[in-house]
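Below: the structure, in structure tokens.
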Amino acid sequence: MMIASSTAFSVKFSQQRYACVLDPTLALSKYGLLLVKQLGTVMDIWLGREFWNIIDNTRFYLDHPELLLLPMATCSIPLDRQLSISQDTLQALQQWEQMSKQTTPTDLKLFRIGERPKESFLPKGMGTEIIWYYESLARSLEAQASKEFDASEVLTSAFQDTVALAAAIGSPFILTHQFPPTTAETLPPGICMALTSWQIPCQAVTLQDEMATLERNYWRQIFVQAGLAKFLWAGLHLSVLHLLVPAASQATSLPDQEYQSSKNQDFAKFYHPETNFWQGSQGFWYQL
């Protein structure tokens, strides 16, 4: 079966709104909040639980922005550029804090899985059993996380949330980014480095791959429709991450009535830590 020429590829956006999980470091970057607002007009945007914990504790992180940087990715960047990234993070935190005071994730259509069903904002038709599904995947990933990954505990937790969330909702994309300018061509996105440290291989897809070319054209049309081309022109190094988690379906084995009776308060007694839902998983990423 031949792949259609990329020049003939087109998308009718009215047919379906795809889901996109946003890398927390991208959300906390210079253009993060603007990106969320405009991309949310054409896609369903999800952000992980730990990201919202960061926003709820903005005052603390304004005093300690270094906790939200990735040492492995920033170590080769000149000091003045590191300071600039840190300032961008501080500005993003203030913007998100202001947004949270003036509006709600519901108003922005930012989907989330909270600690309990009433703290979650789910798309219409999605049942609260997704919380059990997510918790199972998140705890299994946490159990195999390597201590060798050189990142703060905050970012490690945020990456785990993002990866588990994407697997739970079956999202086709995690939208992430790379630090410019020198590391963009040499290091993968931080979330990809985290996956590798968790024994989940993460492979870069070459620019010559035809399927990646089709997807890039899809993303470009989305960005044009949402008015986001200017972000790429401004130097935002976006990347797309796909996850393949073959064993993830095993995490849905809890009977619905048993879950409902637990009211999500006694998750620990249903969780079986010996189950590795991430066995055989892989990641694939490419630059936009």
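FYI, nothing fancy with the structure tokens labels: chains A, B, ... in order, residues from 1 per chain, ligands from 1 as they appear.
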Practice problem: Name all residues at most 10 Å from A:Trp46 (count only C-alpha atoms; drop same-chain ones fewer than 6 positions away) and give them as number ranges by chain. | Solution: A: 19-23, 36, 40, 105, 109-113, 121-122, 162, 165-166, 169, 171, 174
Quiz item: Which residue, A:Gln178, A:Gln287, A:Ser136, A:Gln203, has the smallest gap to A:Ala248 when you use only C-alpha atoms?
Solution: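 Of the candidates, the smallest distance to A:Ala248 is held by A:Ser136.
On the backbone of this structure, DSSP gives strand (DSSP E) within stretch 134-246 of chain A to A:Phe173, A:Ile174, A:Leu175, A:Thr176, A:His177, A:Gln178, A:Cys202, A:Gln203, A:Ala204, A:His237, A:Leu238, A:Ser239, A:Val240, A:Leu241, A:His242, A:Leu243, A:Leu244.
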Quiz item: Quick one: residues within 10 Å of A:Phe51, only C-alpha atoms counted, chain neighbours fewer than 3 positions away excluded, as number ranges by chain?
Solution: A: 22-25, 27-28, 47-48, 54-56, 112, 154-155, 157-159, 161-162
Exercise. Write down as a PyMOL selection string the residues of stretch 106-214 of chain A whose backbone DSSP state falls under alpha helix (DSSP H).
Key: chain A and resi 106-108+129-144+153-169+190-197+210-214
